[in-house]
Amino acid sequence: MTTKTVYLGGKGVTKRIAIGGGAPVSVQTMWKEGITDLATDNNKLDRILRELNDLSMIGCDIVRFAVPDIPSAQGLCLLAERTAMPLVADIHFDYKLALECLKGNVAAIRINPGNIGSVENTRTVVEACREQGVAIRIGINSGSLPKDLQEQIATGKITRAQGLCETSAREAAIFEDLKFDQYVVSMKSSDVNETIQCNKFYAEKYNNPLHLGVTEAGPLIGGIVKSSIAFSTLLNQGIGDTIRVSLSSSPENEVVAGINILKECGKRAGGVKLVSCPRCGRIGFDVHSFVDRWQNRLLAMDKDITVAVMGCVVNGPGEGRHADLGIAGTADKAIIFKKGKIVRTIDAKDADKVFEQELNSL
Ligand code: SF4
């Protein structure tokens, strides 16, 4: 079922993002530090703005910030005024924080009607969002289900996945009663199968866009494995409109992982496809550090090409023969190859410089 289209981005937001309704699946991340001090710390404000720009360059579409207090809400407004990146305010319990954020150019508010006190509080936030053209995200975690559903899960009447789906439906019903449909639903569990199941249940019954995420997914490698399995299963069934790979790692790694998952699922086309060898005893070139240096620059490039970084000349050009541009090592030399044909042999110390020249010529 095609989902409804929800637009992230209020009146003052320069870059609006469509979620759902067949729009490209967007990639998001969450900021990893507090922003209470941005009004007085210009260096930090400038640094975060630079980092938001870097995230945008590698393909990040949305960034969410925790807003636990009024100074954080004001800090988020300062950022939102100065960046084109759509920013989402993540709020729990206090609806007044949402109203404070809505004084600025936030793109969306994450808030759950069930934990902000009363329907009247929800109505106040919804009316402010409606007025500003700002979307809302409902975020349900497996640890925050209502008591009656917890009891049904404990007695085996329903599964936790069904409980997550039912909780989301109850929260969504409050918005529907207020005739507000600009909301995205996210249901998160740290269990891969539970994440898959609850999203499938929801998608079978409702057509609100879904934000996919495996919560507390874990450290870099384990987290990427969990998210890849959950997201690819769902995306390949047409479920999921925006994703966040939640990792005990940097926002940058979350974004790079998310983009790679989308590419492998055929949900994000174009851009540079980077292939690199794992290295072995034949290594004549430090593939790992070269890839580390170039990965983000390649992600940021607007070229639809394949680039290969290979450790040796024995297998490199052959294994990377489909690449539009490749580099492989041989002792203190490196070779540049195109579609499997060696076009230049250079000193290894010039690898980055020559690689850049060749890349720019494509
Ligand atoms: S390209 Fe060379 S160094 Fe890399 S894995 Fe293959 S044989 Fe080993």
# chains A, B, ... in the order shown; residues from 1 in each chain; ligands from 1

call {"tool": "closest_atom_pairs", "arguments": {"of": "segment 243-359 of chain A", "to": "segment 47-61 of chain A", "cutoff": "7 Å", "atoms": "only C-alpha atoms", "output": "Markdown table"}}
result
| residue | atom | partner | partner_atom | distance |
| --- | --- | --- | --- | --- |
| A:Glu252 | CA | A:Leu55 | CA | 6.5 |
| A:Val255 | CA | A:Cys60 | CA | 6.0 |
| A:Asn296 | CA | A:Ile58 | CA | 6.2 |
| A:Leu299 | CA | A:Ile58 | CA | 5.1 |
| A:Ala300 | CA | A:Ile58 | CA | 4.4 |

call {"tool": "residues_around", "arguments": {"residues": "Ala308 of chain A", "least_positions_apart": "4", "cutoff": "9 Å", "atoms": "only C-alpha atoms", "output": "compact mmCIF listing (two decimals) with N, CA and C atoms, in the first residue's frame"}}
result
# COMPACT_ATOMS: atom_id res chain seq x y z
N LYS A 273 29.95 4.38 -6.57
CA LYS A 273 29.94 3.06 -5.92
C LYS A 273 31.40 2.71 -5.64
N LEU A 274 31.72 2.51 -4.40
CA LEU A 274 33.11 2.22 -4.02
C LEU A 274 33.27 0.74 -3.75
N VAL A 275 34.17 0.09 -4.50
CA VAL A 275 34.52 -1.29 -4.18
C VAL A 275 35.98 -1.30 -3.76
N SER A 276 36.28 -2.09 -2.76
CA SER A 276 37.68 -2.15 -2.32
C SER A 276 37.97 -3.56 -1.84
N CYS A 277 39.20 -3.97 -2.00
CA CYS A 277 39.55 -5.35 -1.63
C CYS A 277 39.80 -5.42 -0.13
N GLY A 316 44.27 -6.98 -8.65
CA GLY A 316 43.52 -5.72 -8.58
C GLY A 316 42.79 -5.33 -9.84
N PRO A 317 43.50 -5.06 -10.95
CA PRO A 317 42.80 -4.59 -12.15
C PRO A 317 41.78 -5.62 -12.66
N GLU A 319 40.09 -7.95 -10.78
CA GLU A 319 38.92 -7.98 -9.89
C GLU A 319 38.11 -6.69 -10.00
N GLY A 320 38.82 -5.61 -10.34
CA GLY A 320 38.11 -4.32 -10.45
C GLY A 320 37.89 -3.92 -11.89
N ARG A 321 37.77 -4.91 -12.79
CA ARG A 321 37.73 -4.58 -14.23
C ARG A 321 36.49 -3.79 -14.64
N HIS A 322 35.43 -3.90 -13.84
CA HIS A 322 34.19 -3.17 -14.17
C HIS A 322 34.27 -1.70 -13.74
N ALA A 323 35.34 -1.36 -12.98
CA ALA A 323 35.40 0.00 -12.41
C ALA A 323 35.75 1.04 -13.47
N ASP A 324 35.11 2.21 -13.35
CA ASP A 324 35.45 3.32 -14.24
C ASP A 324 36.83 3.86 -13.91
N LEU A 325 37.20 3.77 -12.64
CA LEU A 325 38.53 4.21 -12.20
C LEU A 325 38.98 3.30 -11.07
N GLY A 326 40.23 2.86 -11.14
CA GLY A 326 40.74 2.02 -10.07
C GLY A 326 42.18 2.37 -9.75
N ILE A 327 42.57 2.00 -8.54
CA ILE A 327 43.97 2.16 -8.14
C ILE A 327 44.40 0.88 -7.46
N ALA A 328 45.63 0.45 -7.73
CA ALA A 328 46.16 -0.76 -7.09
C ALA A 328 47.63 -0.54 -6.82

call {"tool": "residues_around", "arguments": {"residues": "segment 14-27 of chain A", "least_positions_apart": "6", "cutoff": "6 Å", "atoms": "only C-alpha atoms", "output": "JSON, numbers by chain"}}
result
{"A": [2, 3, 4, 5, 6, 7, 8, 60, 61, 84, 209, 241, 242, 243]}

call {"tool": "write_last_selection", "arguments": {"atoms": "C-alpha atoms", "output": "compact mmCIF listing (two decimals), in the first residue's frame"}}
result
# COMPACT_ATOMS: atom_id res chain seq x y z
CA THR A 2 1.40 3.42 -0.92
CA THR A 3 1.79 5.56 2.14
CA LYS A 4 0.54 9.13 2.53
CA THR A 5 3.00 11.91 1.85
CA VAL A 6 4.20 13.83 4.88
CA TYR A 7 6.24 16.97 4.38
CA LEU A 8 9.05 17.81 6.76
CA CYS A 60 22.12 12.76 5.03
CA ASP A 61 18.58 14.10 4.65
CA ALA A 84 19.47 24.06 5.22
CA PRO A 209 4.73 6.71 6.44
CA ASP A 241 9.89 5.59 4.07
CA THR A 242 12.80 6.92 6.10
CA ILE A 243 15.56 5.10 8.00

call {"tool": "closest_residue", "arguments": {"among": "A:Gly133, A:Pro219, A:Gly311, A:Pro86", "to": "ligand 1", "atoms": "only C-alpha atoms and all ligand atoms"}}
result
A:Gly311

call {"tool": "closest_atom_pairs", "arguments": {"of": "chain A", "to": "ligand 1", "cutoff": "7 Å", "atoms": "only C-alpha atoms and all ligand atoms", "output": "CSV"}}
result
residue,atom,partner,partner_atom_place_in_ligand_line,distance
A:Cys277,CA,ligand 1,4 (Fe),4.6
A:Pro278,CA,ligand 1,5 (S),5.2
A:Arg279,CA,ligand 1,4 (Fe),4.1
A:Cys280,CA,ligand 1,8 (Fe),4.0
A:Gly281,CA,ligand 1,8 (Fe),6.2
A:Arg282,CA,ligand 1,3 (S),4.7
A:Ile283,CA,ligand 1,3 (S),4.0
A:Gly284,CA,ligand 1,3 (S),6.8
A:Met310,CA,ligand 1,1 (S),4.7
A:Gly311,CA,ligand 1,3 (S),3.7
A:Cys312,CA,ligand 1,2 (Fe),4.0
A:Val313,CA,ligand 1,2 (Fe),6.5
A:Val314,CA,ligand 1,2 (Fe),6.0
A:Asn315,CA,ligand 1,1 (S),4.8
A:Gly316,CA,ligand 1,1 (S),4.2
A:Glu319,CA,ligand 1,1 (S),6.9

call {"tool": "write_last_selection", "arguments": {"atoms": "N, CA, C and O atoms", "output": "PDB file, in the first residue's frame"}}
result
ATOM      1  N   CYS A 277      39.203  -3.974  -2.004  1.00  0.00           N
ATOM      2  CA  CYS A 277      39.548  -5.352  -1.634  1.00  0.00           C
ATOM      3  C   CYS A 277      39.798  -5.422  -0.128  1.00  0.00           C
ATOM      4  O   CYS A 277      40.098  -4.418   0.504  1.00  0.00           O
ATOM      5  N   PRO A 278      39.675  -6.618   0.449  1.00  0.00           N
ATOM      6  CA  PRO A 278      39.840  -6.739   1.902  1.00  0.00           C
ATOM      7  C   PRO A 278      41.311  -6.687   2.352  1.00  0.00           C
ATOM      8  O   PRO A 278      41.580  -6.516   3.525  1.00  0.00           O
ATOM      9  N   ARG A 279      42.238  -6.810   1.420  1.00  0.00           N
ATOM     10  CA  ARG A 279      43.690  -6.924   1.667  1.00  0.00           C
ATOM     11  C   ARG A 279      44.054  -8.374   1.974  1.00  0.00           C
ATOM     12  O   ARG A 279      43.289  -9.099   2.579  1.00  0.00           O
ATOM     13  N   CYS A 280      45.230  -8.766   1.543  1.00  0.00           N
ATOM     14  CA  CYS A 280      45.762 -10.064   1.928  1.00  0.00           C
ATOM     15  C   CYS A 280      47.272  -9.964   1.872  1.00  0.00           C
ATOM     16  O   CYS A 280      47.823  -8.859   1.732  1.00  0.00           O
ATOM     17  N   GLY A 281      47.947 -11.090   1.935  1.00  0.00           N
ATOM     18  CA  GLY A 281      49.406 -11.085   1.984  1.00  0.00           C
ATOM     19  C   GLY A 281      50.060 -10.526   0.724  1.00  0.00           C
ATOM     20  O   GLY A 281      51.244 -10.221   0.727  1.00  0.00           O
ATOM     21  N   ARG A 282      49.293 -10.390  -0.361  1.00  0.00           N
ATOM     22  CA  ARG A 282      49.872  -9.823  -1.589  1.00  0.00           C
ATOM     23  C   ARG A 282      49.878  -8.303  -1.573  1.00  0.00           C
ATOM     24  O   ARG A 282      50.296  -7.676  -2.538  1.00  0.00           O
ATOM     25  N   ILE A 283      49.398  -7.730  -0.509  1.00  0.00           N
ATOM     26  CA  ILE A 283      49.198  -6.277  -0.444  1.00  0.00           C
ATOM     27  C   ILE A 283      50.439  -5.488  -0.863  1.00  0.00           C
ATOM     28  O   ILE A 283      51.549  -5.777  -0.421  1.00  0.00           O
ATOM     29  N   GLY A 284      50.220  -4.507  -1.759  1.00  0.00           N
ATOM     30  CA  GLY A 284      51.309  -3.611  -2.127  1.00  0.00           C
ATOM     31  C   GLY A 284      50.900  -2.163  -1.907  1.00  0.00           C
ATOM     32  O   GLY A 284      51.608  -1.248  -2.303  1.00  0.00           O
ATOM     33  N   MET A 310      42.262  -1.354  -4.848  1.00  0.00           N
ATOM     34  CA  MET A 310      42.712  -2.739  -4.718  1.00  0.00           C
ATOM     35  C   MET A 310      44.144  -2.791  -4.203  1.00  0.00           C
ATOM     36  O   MET A 310      44.957  -1.913  -4.500  1.00  0.00           O
ATOM     37  N   GLY A 311      44.425  -3.850  -3.453  1.00  0.00           N
ATOM     38  CA  GLY A 311      45.710  -3.918  -2.778  1.00  0.00           C
ATOM     39  C   GLY A 311      46.893  -4.231  -3.660  1.00  0.00           C
ATOM     40  O   GLY A 311      48.014  -3.807  -3.383  1.00  0.00           O
ATOM     41  N   CYS A 312      46.686  -4.986  -4.763  1.00  0.00           N
ATOM     42  CA  CYS A 312      47.847  -5.413  -5.534  1.00  0.00           C
ATOM     43  C   CYS A 312      47.542  -5.471  -7.021  1.00  0.00           C
ATOM     44  O   CYS A 312      46.379  -5.500  -7.429  1.00  0.00           O
ATOM     45  N   VAL A 313      48.610  -5.525  -7.806  1.00  0.00           N
ATOM     46  CA  VAL A 313      48.425  -5.570  -9.268  1.00  0.00           C
ATOM     47  C   VAL A 313      48.136  -6.975  -9.757  1.00  0.00           C
ATOM     48  O   VAL A 313      47.678  -7.160 -10.884  1.00  0.00           O
ATOM     49  N   VAL A 314      48.427  -7.985  -8.903  1.00  0.00           N
ATOM     50  CA  VAL A 314      48.219  -9.365  -9.342  1.00  0.00           C
ATOM     51  C   VAL A 314      46.740  -9.586  -9.667  1.00  0.00           C
ATOM     52  O   VAL A 314      46.378 -10.073 -10.727  1.00  0.00           O
ATOM     53  N   ASN A 315      45.892  -9.180  -8.726  1.00  0.00           N
ATOM     54  CA  ASN A 315      44.457  -9.388  -8.922  1.00  0.00           C
ATOM     55  C   ASN A 315      43.668  -8.098  -9.073  1.00  0.00           C
ATOM     56  O   ASN A 315      42.535  -8.112  -9.517  1.00  0.00           O
ATOM     57  N   GLY A 316      44.269  -6.977  -8.650  1.00  0.00           N
ATOM     58  CA  GLY A 316      43.516  -5.722  -8.578  1.00  0.00           C
ATOM     59  C   GLY A 316      42.790  -5.327  -9.837  1.00  0.00           C
ATOM     60  O   GLY A 316      41.547  -5.260  -9.847  1.00  0.00           O
ATOM     61  N   GLU A 319      40.093  -7.955 -10.776  1.00  0.00           N
ATOM     62  CA  GLU A 319      38.924  -7.978  -9.888  1.00  0.00           C
ATOM     63  C   GLU A 319      38.113  -6.695 -10.004  1.00  0.00           C
ATOM     64  O   GLU A 319      36.915  -6.683  -9.771  1.00  0.00           O
TER      65      GLU A 319
END

call {"tool": "atom_distance", "arguments": {"atom1": "atom CA of Phe93 of chain A", "atom2": "atom CA of Leu178 of chain A"}}
result
19.6 Å

call {"tool": "closest_residue", "arguments": {"among": "A:Val245, A:Asp191, A:Ala154, A:Glu204", "to": "Ile221 of chain A", "atoms": "only C-alpha atoms"}}
result
A:Val245
